[in-house]
$ cat work.txt   # compact mmCIF, C-alpha atoms
# COMPACT_ATOMS: atom_id res chain seq x y z
CA MET D 9 13.96 9.00 27.38
CA ILE D 10 11.15 11.45 26.62
CA GLU D 11 13.50 14.36 27.22
CA ALA D 12 15.41 13.32 24.08
CA LEU D 13 12.51 14.68 22.00
CA GLY D 14 13.52 18.13 23.18
CA PHE D 15 16.66 17.94 21.06
CA GLU D 16 16.33 19.00 17.42
CA PHE D 17 18.86 16.41 16.22
CA PHE D 18 16.77 13.63 17.77
CA ARG D 19 13.54 14.84 16.15
CA ASN D 20 15.36 15.16 12.82
CA ALA D 21 16.59 11.58 13.20
CA LEU D 22 13.06 10.27 13.77
CA ILE D 23 11.74 12.16 10.73
CA ALA D 24 14.63 10.90 8.60
CA GLY D 25 13.89 7.36 9.76
CA PHE D 26 10.24 7.67 8.78
CA LEU D 27 11.08 9.05 5.33
CA ALA D 28 13.71 6.39 4.70
CA SER D 29 11.29 3.68 5.87
CA ILE D 30 8.69 4.73 3.31
CA ALA D 31 11.24 4.63 0.48
CA CYS D 32 12.58 1.29 1.72
CA GLY D 33 9.09 -0.14 2.06
CA VAL D 34 8.18 0.81 -1.49
CA ILE D 35 11.38 -0.06 -3.34
CA GLY D 36 12.55 -2.78 -0.95
CA SER D 37 9.36 -4.74 -1.60
CA PHE D 38 10.11 -4.94 -5.33
CA VAL D 39 13.78 -5.73 -4.61
CA VAL D 40 12.85 -8.64 -2.33
CA VAL D 41 10.15 -10.12 -4.59
CA LYS D 42 12.34 -9.72 -7.68
CA ARG D 43 15.30 -11.20 -5.76
CA MET D 44 17.51 -8.23 -6.57
CA ALA D 45 19.09 -7.87 -3.11
CA SER D 46 22.59 -8.63 -4.35
CA LEU D 47 22.15 -6.21 -7.26
CA ALA D 48 21.01 -3.48 -4.87
CA GLY D 49 24.07 -4.23 -2.74
CA GLY D 50 26.29 -3.82 -5.79
CA ILE D 51 24.75 -0.43 -6.55
CA SER D 52 25.20 0.73 -2.94
CA HIS D 53 28.87 -0.25 -2.86
CA ALA D 54 29.45 1.30 -6.28
CA ALA D 55 28.18 4.55 -4.74
CA PHE D 56 31.32 4.57 -2.59
CA GLY D 57 33.20 5.41 -5.76
CA GLY D 58 31.00 8.49 -6.06
CA ILE D 59 31.79 9.49 -2.49
CA GLY D 60 35.50 9.26 -3.24
CA LEU D 61 34.97 11.24 -6.45
CA GLY D 62 33.13 13.91 -4.47
CA TYR D 63 36.09 14.31 -2.10
CA PHE D 64 38.49 14.45 -5.05
CA LEU D 65 36.49 17.10 -6.95
CA GLY D 66 35.71 19.13 -3.85
CA ILE D 67 31.94 18.69 -4.15
CA SER D 68 29.40 17.08 -1.85
CA PRO D 69 30.24 13.39 -1.45
CA LEU D 70 26.51 12.62 -1.43
CA ALA D 71 26.13 14.40 -4.78
CA GLY D 72 28.93 12.24 -6.15
CA ALA D 73 27.30 9.14 -4.67
CA ALA D 74 23.95 10.05 -6.27
CA ALA D 75 25.53 10.56 -9.69
CA VAL D 76 27.46 7.28 -9.56
CA ALA D 77 24.52 5.31 -8.11
CA LEU D 78 22.19 6.48 -10.88
CA GLY D 79 24.86 5.96 -13.54
CA THR D 80 25.59 2.48 -12.22
CA SER D 81 21.89 1.66 -12.13
CA ALA D 82 21.44 2.69 -15.76
CA ALA D 83 24.61 0.88 -16.85
CA THR D 84 23.57 -2.27 -14.97
CA ALA D 85 20.20 -2.27 -16.68
CA TRP D 86 21.85 -1.89 -20.08
CA ILE D 87 24.43 -4.62 -19.45
CA ARG D 88 21.72 -6.89 -18.08
CA MET D 89 19.79 -6.49 -21.34
CA LYS D 90 22.64 -6.55 -23.85
CA ALA D 91 25.54 -8.54 -22.40
CA ASP D 92 25.55 -12.28 -21.93
CA GLN D 93 26.74 -12.21 -18.33
CA HIS D 94 25.47 -13.98 -15.23
CA LEU D 95 23.95 -11.62 -12.70
CA ASP D 96 26.28 -12.67 -9.88
CA THR D 97 29.31 -11.92 -12.09
CA LEU D 98 27.92 -8.50 -12.95
CA VAL D 99 27.20 -7.70 -9.31
CA GLY D 100 30.68 -8.77 -8.25
CA ALA D 101 32.29 -6.54 -10.88
CA ILE D 102 30.17 -3.52 -9.93
CA TRP D 103 30.74 -4.08 -6.20
CA ALA D 104 34.51 -4.39 -6.47
CA THR D 105 34.98 -1.58 -9.00
CA GLY D 106 32.99 0.93 -6.96
CA MET D 107 34.81 0.22 -3.72
CA ALA D 108 38.21 0.23 -5.41
CA ALA D 109 37.51 3.52 -7.21
CA GLY D 110 36.37 5.13 -3.96
CA ILE D 111 39.53 4.04 -2.14
CA LEU D 112 41.75 5.38 -4.92
CA PHE D 113 39.99 8.76 -5.13
CA ILE D 114 40.19 9.22 -1.36
CA TYR D 115 43.86 8.21 -1.36
CA ILE D 116 44.89 10.73 -4.02
CA THR D 117 42.81 13.55 -2.49
CA PRO D 118 45.04 15.89 -0.45
CA GLY D 119 44.27 16.16 3.24
CA PHE D 120 41.87 14.22 5.42
CA ALA D 121 38.46 12.97 4.25
CA PRO D 122 35.95 14.29 6.84
CA ASP D 123 32.85 12.26 7.76
CA LEU D 124 34.11 9.23 5.83
CA PHE D 125 33.19 6.90 8.69
CA SER D 126 29.59 8.17 8.72
CA TYR D 127 29.25 7.55 4.97
CA LEU D 128 30.42 3.98 5.46
CA PHE D 129 28.39 3.13 8.55
CA GLY D 130 25.84 5.94 8.79
CA ASN D 131 24.79 8.24 11.61
CA ILE D 132 21.12 9.17 11.52
CA LEU D 133 21.58 11.39 14.58
CA LEU D 134 23.61 13.82 12.46
CA VAL D 135 21.06 14.35 9.67
CA PRO D 136 20.55 18.14 9.33
CA ARG D 137 17.21 19.85 8.71
CA GLU D 138 18.05 20.75 5.10
CA THR D 139 18.70 17.09 4.32
CA LEU D 140 15.20 16.24 5.53
CA LEU D 141 13.73 18.41 2.76
CA VAL D 142 15.78 16.58 0.15
CA MET D 143 14.74 13.23 1.60
CA ALA D 144 11.09 14.29 1.59
CA LEU D 145 11.29 15.31 -2.07
CA LEU D 146 13.03 12.06 -3.03
CA THR D 147 10.49 9.98 -1.11
CA ALA D 148 7.59 11.82 -2.71
CA GLY D 149 9.15 11.36 -6.15
CA ILE D 150 9.75 7.65 -5.60
CA CYS D 151 6.21 7.07 -4.33
CA GLY D 152 4.72 9.12 -7.16
CA ILE D 153 6.56 7.21 -9.89
CA VAL D 154 5.69 3.84 -8.32
CA ALA D 155 2.02 4.86 -8.03
CA ILE D 156 1.89 5.81 -11.71
CA LEU D 157 3.70 2.69 -12.93
CA TYR D 158 2.42 0.30 -10.25
CA PRO D 159 0.63 -2.25 -12.52
CA ARG D 160 3.62 -2.42 -14.88
CA LEU D 161 6.14 -2.68 -12.05
CA VAL D 162 4.19 -5.53 -10.46
CA ALA D 163 3.88 -7.37 -13.78
CA VAL D 164 7.60 -7.08 -14.53
CA THR D 165 8.54 -8.02 -10.96
CA PHE D 166 6.61 -11.28 -11.04
CA ASP D 167 7.01 -12.33 -14.69
CA GLU D 168 9.06 -10.42 -17.27
CA GLU D 169 8.08 -12.77 -20.10
CA TYR D 170 4.38 -12.22 -19.45
CA ALA D 171 4.95 -8.48 -19.26
CA SER D 172 6.77 -8.60 -22.60
CA VAL D 173 3.90 -10.54 -24.22
CA MET D 174 1.47 -7.92 -22.91
CA GLY D 175 3.57 -5.17 -24.53
CA LEU D 176 4.62 -3.55 -21.25
CA HIS D 177 8.26 -3.04 -22.30
CA PRO D 178 9.86 -4.82 -19.31
CA ASP D 179 13.36 -3.57 -20.19
CA ARG D 180 12.27 0.03 -19.76
CA ILE D 181 10.46 -0.76 -16.52
CA MET D 182 13.56 -2.50 -15.16
CA VAL D 183 15.63 0.59 -15.95
CA ILE D 184 13.18 2.72 -13.96
CA LEU D 185 13.15 0.23 -11.06
CA LEU D 186 16.94 0.17 -10.89
CA LEU D 187 17.11 3.98 -11.01
CA LEU D 188 14.61 4.18 -8.15
CA THR D 189 16.73 1.65 -6.27
CA GLY D 190 19.77 3.87 -6.80
CA LEU D 191 17.91 6.90 -5.41
CA THR D 192 16.80 4.91 -2.36
CA VAL D 193 20.38 3.77 -1.77
CA VAL D 194 21.55 7.39 -1.72
CA MET D 195 18.86 8.23 0.84
CA LEU D 196 20.01 5.41 3.09
CA ILE D 197 23.71 6.28 3.09
CA GLN D 198 23.33 8.83 5.88
CA ILE D 199 20.97 6.54 7.80
CA VAL D 200 22.90 3.27 7.96
CA GLY D 201 25.89 3.87 5.67
CA ILE D 202 26.99 2.15 2.48
CA ILE D 203 28.04 -1.05 4.24
CA LEU D 204 24.59 -1.61 5.79
CA VAL D 205 22.29 -0.21 3.10
CA ILE D 206 21.32 -3.62 1.75
CA ALA D 207 20.11 -4.73 5.19
CA LEU D 208 17.67 -1.85 5.74
CA LEU D 209 16.52 -2.07 2.12
CA THR D 210 15.60 -5.75 2.38
CA LEU D 211 14.95 -6.80 6.00
CA PRO D 212 11.68 -4.86 6.56
CA ALA D 213 10.30 -6.14 3.25
CA ALA D 214 11.52 -9.69 3.91
CA THR D 215 9.82 -9.66 7.31
CA ALA D 216 6.58 -8.16 6.00
CA ARG D 217 6.50 -10.73 3.20
CA LEU D 218 5.85 -13.46 5.77
CA PHE D 219 2.52 -11.81 6.62
CA SER D 220 1.48 -10.40 3.23
CA ARG D 221 -0.93 -11.75 0.65
CA SER D 222 -0.55 -8.97 -1.93
CA MET D 223 2.04 -6.51 -3.14
CA LYS D 224 0.15 -3.60 -1.61
CA GLU D 225 0.07 -5.33 1.79
CA LEU D 226 3.79 -5.97 1.46
CA ILE D 227 4.61 -2.33 0.70
CA VAL D 228 2.51 -1.00 3.58
CA GLY D 229 3.80 -3.64 6.00
CA ALA D 230 7.44 -3.07 5.02
CA SER D 231 7.07 0.70 5.44
CA LEU D 232 5.51 0.35 8.89
CA LEU D 233 8.11 -2.18 10.01
CA GLY D 234 10.85 0.10 8.76
CA MET D 235 9.47 2.90 10.91
CA VAL D 236 9.41 0.61 13.94
CA PHE D 237 12.96 -0.60 13.27
CA THR D 238 14.45 2.86 12.75
CA THR D 239 12.63 4.35 15.75
CA ALA D 240 13.70 1.50 18.04
CA GLY D 241 17.26 1.69 16.75
CA ILE D 242 17.45 5.45 17.30
CA TRP D 243 16.15 5.18 20.86
CA LEU D 244 18.56 2.35 21.71
CA SER D 245 21.55 4.10 20.15
CA TYR D 246 20.73 7.25 22.11
CA ALA D 247 20.16 5.38 25.38
CA PHE D 248 23.31 3.25 25.24
CA ASP D 249 25.55 5.62 23.22
CA ILE D 250 26.17 3.10 20.43
CA PRO D 251 26.27 3.52 16.60
CA SER D 252 22.80 4.25 15.28
CA GLY D 253 23.10 2.62 11.85
CA ALA D 254 24.35 -0.68 13.21
CA THR D 255 21.70 -0.64 15.96
CA ILE D 256 18.89 -0.15 13.44
CA VAL D 257 20.13 -3.09 11.39
CA ILE D 258 20.54 -5.34 14.47
CA VAL D 259 16.95 -4.57 15.52
CA SER D 260 15.74 -5.35 11.98
CA ALA D 261 17.67 -8.61 11.86
CA CYS D 262 16.43 -9.73 15.28
CA VAL D 263 12.81 -9.21 14.28
CA TYR D 264 13.33 -10.96 10.93
CA PHE D 265 15.01 -14.03 12.42
CA GLY D 266 12.47 -14.05 15.24
CA ALA D 267 9.64 -14.12 12.70
CA LEU D 268 11.11 -16.98 10.65
CA PRO D 269 9.88 -19.74 13.02
CA LEU D 270 6.35 -18.43 12.43
CA GLN D 271 6.71 -18.84 8.67
CA HIS D 272 5.24 -22.35 8.40
CA ARG D 273 2.30 -21.43 10.64
CA ILE D 274 1.59 -18.36 8.54
CA LEU D 275 1.90 -20.30 5.28
CA CYS D 276 -0.70 -22.79 6.52
CA ARG D 277 -3.25 -19.99 6.91
CA ARG D 278 -2.56 -17.98 3.78
CA GLU D 279 -0.73 -18.08 0.49
CA PRO D 280 2.09 -15.49 0.53
CA ILE D 281 3.24 -13.50 -2.45

$ encode --input "work.txt" --output "structure tokens"
Amino acid sequence: MIEALGFEFFRNALIAGFLASIACGVIGSFVVVKRMASLAGGISHAAFGGIGLGYFLGISPLAGAAAVALGTSAATAWIRMKADQHLDTLVGAIWATGMAAGILFIYITPGFAPDLFSYLFGNILLVPRETLLVMALLTAGICGIVAILYPRLVAVTFDEEYASVMGLHPDRIMVILLLLTGLTVVMLIQIVGIILVIALLTLPAATARLFSRSMKELIVGASLLGMVFTTAGIWLSYAFDIPSGATIVIVSACVYFGALPLQHRILCRREPI
């Protein structure tokens, strides 16, 4: 297996996995604690509409996905603040609309849509070197914004009413958090695909939460677990010639469900966040 490191595509895949794991560890921790997994799933599936739009306009599908994911994140934050709608209804509408729009755009685009399968299910082994630079910049930007706004993000994540009383403007912070979630979703599309984004965004953080006593411990633990999951998934997919995105998610799920029986023992020793 060591000989695989001699291939550039394999090294690129490992680097992409590390970068994605950091972004997932940071944003996924807030998503899990805030219980926004379904909302993040809605944003990721809405991004499929951007991929279809990219094919239709003849631009990069990922650029279209980024534009729609950020637009959907901002619109979701606004609707969440202004409209009297239950969150599950809002998520369902976003989810369905994005997927339907993507299907329609792809259908009316002349010719064949290349790489569509990889956008749906991901292929980390095909991440090119130039994409790594974009991922590195996005990861640095996400980490930088979270570091600057960390106290406010934590306050809003745990108690929006308290944050409002303290004058922290929770609505604005939620807009920023949702926009960062949208950027993370775009990063993960090439890793595990739109269908599996929600799993990689939440499973490392959900697993790390069992062992964490603070938000900082959770972020670090989720990032490290994400690196372990992506690395193991890449090695297994290479060794057995199976889809990389699905393998990464299966590894993540196995560790998460394997850790659940330890939950009560862990809770007896410490108070989790």

$ residues_near_point --input "work.txt" --point "(9.9, -3.3, -10.0)" --cutoff "9 Å" --atoms "only C-alpha atoms" --output "mmCIF file with C-alpha atoms, keeping the file's coordinate frame"
data_model
loop_
_atom_site.group_PDB
_atom_site.id
_atom_site.type_symbol
_atom_site.label_atom_id
_atom_site.label_comp_id
_atom_site.auth_asym_id
_atom_site.auth_seq_id
_atom_site.Cartn_x
_atom_site.Cartn_y
_atom_site.Cartn_z
ATOM 1 C CA ILE D 35 11.380 -0.060 -3.340
ATOM 2 C CA SER D 37 9.360 -4.740 -1.600
ATOM 3 C CA PHE D 38 10.110 -4.940 -5.330
ATOM 4 C CA VAL D 39 13.780 -5.730 -4.610
ATOM 5 C CA VAL D 41 10.150 -10.120 -4.590
ATOM 6 C CA LYS D 42 12.340 -9.720 -7.680
ATOM 7 C CA VAL D 154 5.690 3.840 -8.320
ATOM 8 C CA TYR D 158 2.420 0.300 -10.250
ATOM 9 C CA ARG D 160 3.620 -2.420 -14.880
ATOM 10 C CA LEU D 161 6.140 -2.680 -12.050
ATOM 11 C CA VAL D 162 4.190 -5.530 -10.460
ATOM 12 C CA ALA D 163 3.880 -7.370 -13.780
ATOM 13 C CA VAL D 164 7.600 -7.080 -14.530
ATOM 14 C CA THR D 165 8.540 -8.020 -10.960
ATOM 15 C CA PHE D 166 6.610 -11.280 -11.040
ATOM 16 C CA ILE D 181 10.460 -0.760 -16.520
ATOM 17 C CA MET D 182 13.560 -2.500 -15.160
ATOM 18 C CA ILE D 184 13.180 2.720 -13.960
ATOM 19 C CA LEU D 185 13.150 0.230 -11.060
ATOM 20 C CA LEU D 186 16.940 0.170 -10.890
#

$ residues_around --input "work.txt" --residues "Asn20 in chain D" --least-positions-apart "6" --cutoff "8 Å" --atoms "only C-alpha atoms" --output "list in words"
Leu133, Val135, Pro136, Arg137 and Leu140 of chain D

$ residues_around --input "work.txt" --residues "Gly79 in chain D" --least-positions-apart "6" --cutoff "12 Å" --atoms "all atoms listed in the file" --output "list of chain:residue names"
D:Ile51, D:Ser52, D:Ala54, D:Ala55, D:Gly57, D:Gly58, D:Gly72, D:Ala73, D:Ala85, D:Trp86, D:Ile102, D:Gly106, D:Val183, D:Leu186, D:Leu187, D:Leu188, D:Thr189, D:Gly190, D:Leu191

$ closest_residue --input "work.txt" --among "D:Leu218, D:Ile227, D:Ala12, D:Ala261" --to "Leu244 in chain D" --atoms "only C-alpha atoms"
D:Ala12

$ residues_around --input "work.txt" --residues "Ala31 in chain D" --least-positions-apart "6" --cutoff "9 Å" --atoms "only C-alpha atoms" --output "CSV table (one decimal) with C-alpha atoms, in the frame of the given file"
chain,number,residue,atom,x,y,z
D,146,LEU,CA,13.0,12.1,-3.0
D,147,THR,CA,10.5,10.0,-1.1
D,148,ALA,CA,7.6,11.8,-2.7
D,150,ILE,CA,9.8,7.6,-5.6
D,151,CYS,CA,6.2,7.1,-4.3
D,192,THR,CA,16.8,4.9,-2.4
D,195,MET,CA,18.9,8.2,0.8
D,209,LEU,CA,16.5,-2.1,2.1
D,231,SER,CA,7.1,0.7,5.4

$ atom_distance --input "work.txt" --atom1 "CA of Leu233 in chain D" --atom2 "CA of Pro212 in chain D"
5.6 Å

$ residues_around --input "work.txt" --residues "Ile111 in chain D" --least-positions-apart "4" --cutoff "10 Å" --atoms "only C-alpha atoms" --output "PyMOL selection string"
chain D and resi 56-57+59-61+105-107+115-116

$ residues_near_point --input "work.txt" --point "(8.0, -4.2, 6.4)" --cutoff "12 Å" --atoms "all atoms listed in the file" --output "ChimeraX atom specification"
/D:29-38,40,208-220,223-238,260-261,263-264,267

$ atom_distance --input "work.txt" --atom1 "CA of Leu78 in chain D" --atom2 "CA of Pro159 in chain D"
23.3 Å

$ closest_residue --input "work.txt" --among "D:Phe18, D:Val205, D:Arg180, D:Tyr63" --to "Gly119 in chain D" --atoms "all atoms listed in the file"
D:Tyr63

$ atom_distance --input "work.txt" --atom1 "CA of Pro122 in chain D" --atom2 "CA of Pro69 in chain D"
10.1 Å

$ closest_residue --input "work.txt" --among "D:Val194, D:Ala240, D:Leu112, D:Leu47" --to "Arg88 in chain D" --atoms "all atoms listed in the file"
D:Leu47

$ closest_residue --input "work.txt" --among "D:Val257, D:Ala247, D:Ala171, D:Met143" --to "Ile23 in chain D" --atoms "only C-alpha atoms"
D:Met143

$ closest_residue --input "work.txt" --among "D:Ser46, D:Phe17, D:Ala207, D:Leu176" --to "Leu98 in chain D" --atoms "all atoms listed in the file"
D:Ser46

$ closest_residue --input "work.txt" --among "D:Cys262, D:Ala104, D:Ala21, D:Ala109" --to "Phe64 in chain D" --atoms "all atoms listed in the file"
D:Ala109

$ axis_aligned_box --input "work.txt" --around "range 152-169 of chain D" --padding-each-side "4 Å" --output "lines of an AutoDock Vina configuration file"
center_x = 4.8
center_y = -1.8
center_z = -13.6
size_x = 16.4
size_y = 29.9
size_z = 20.9
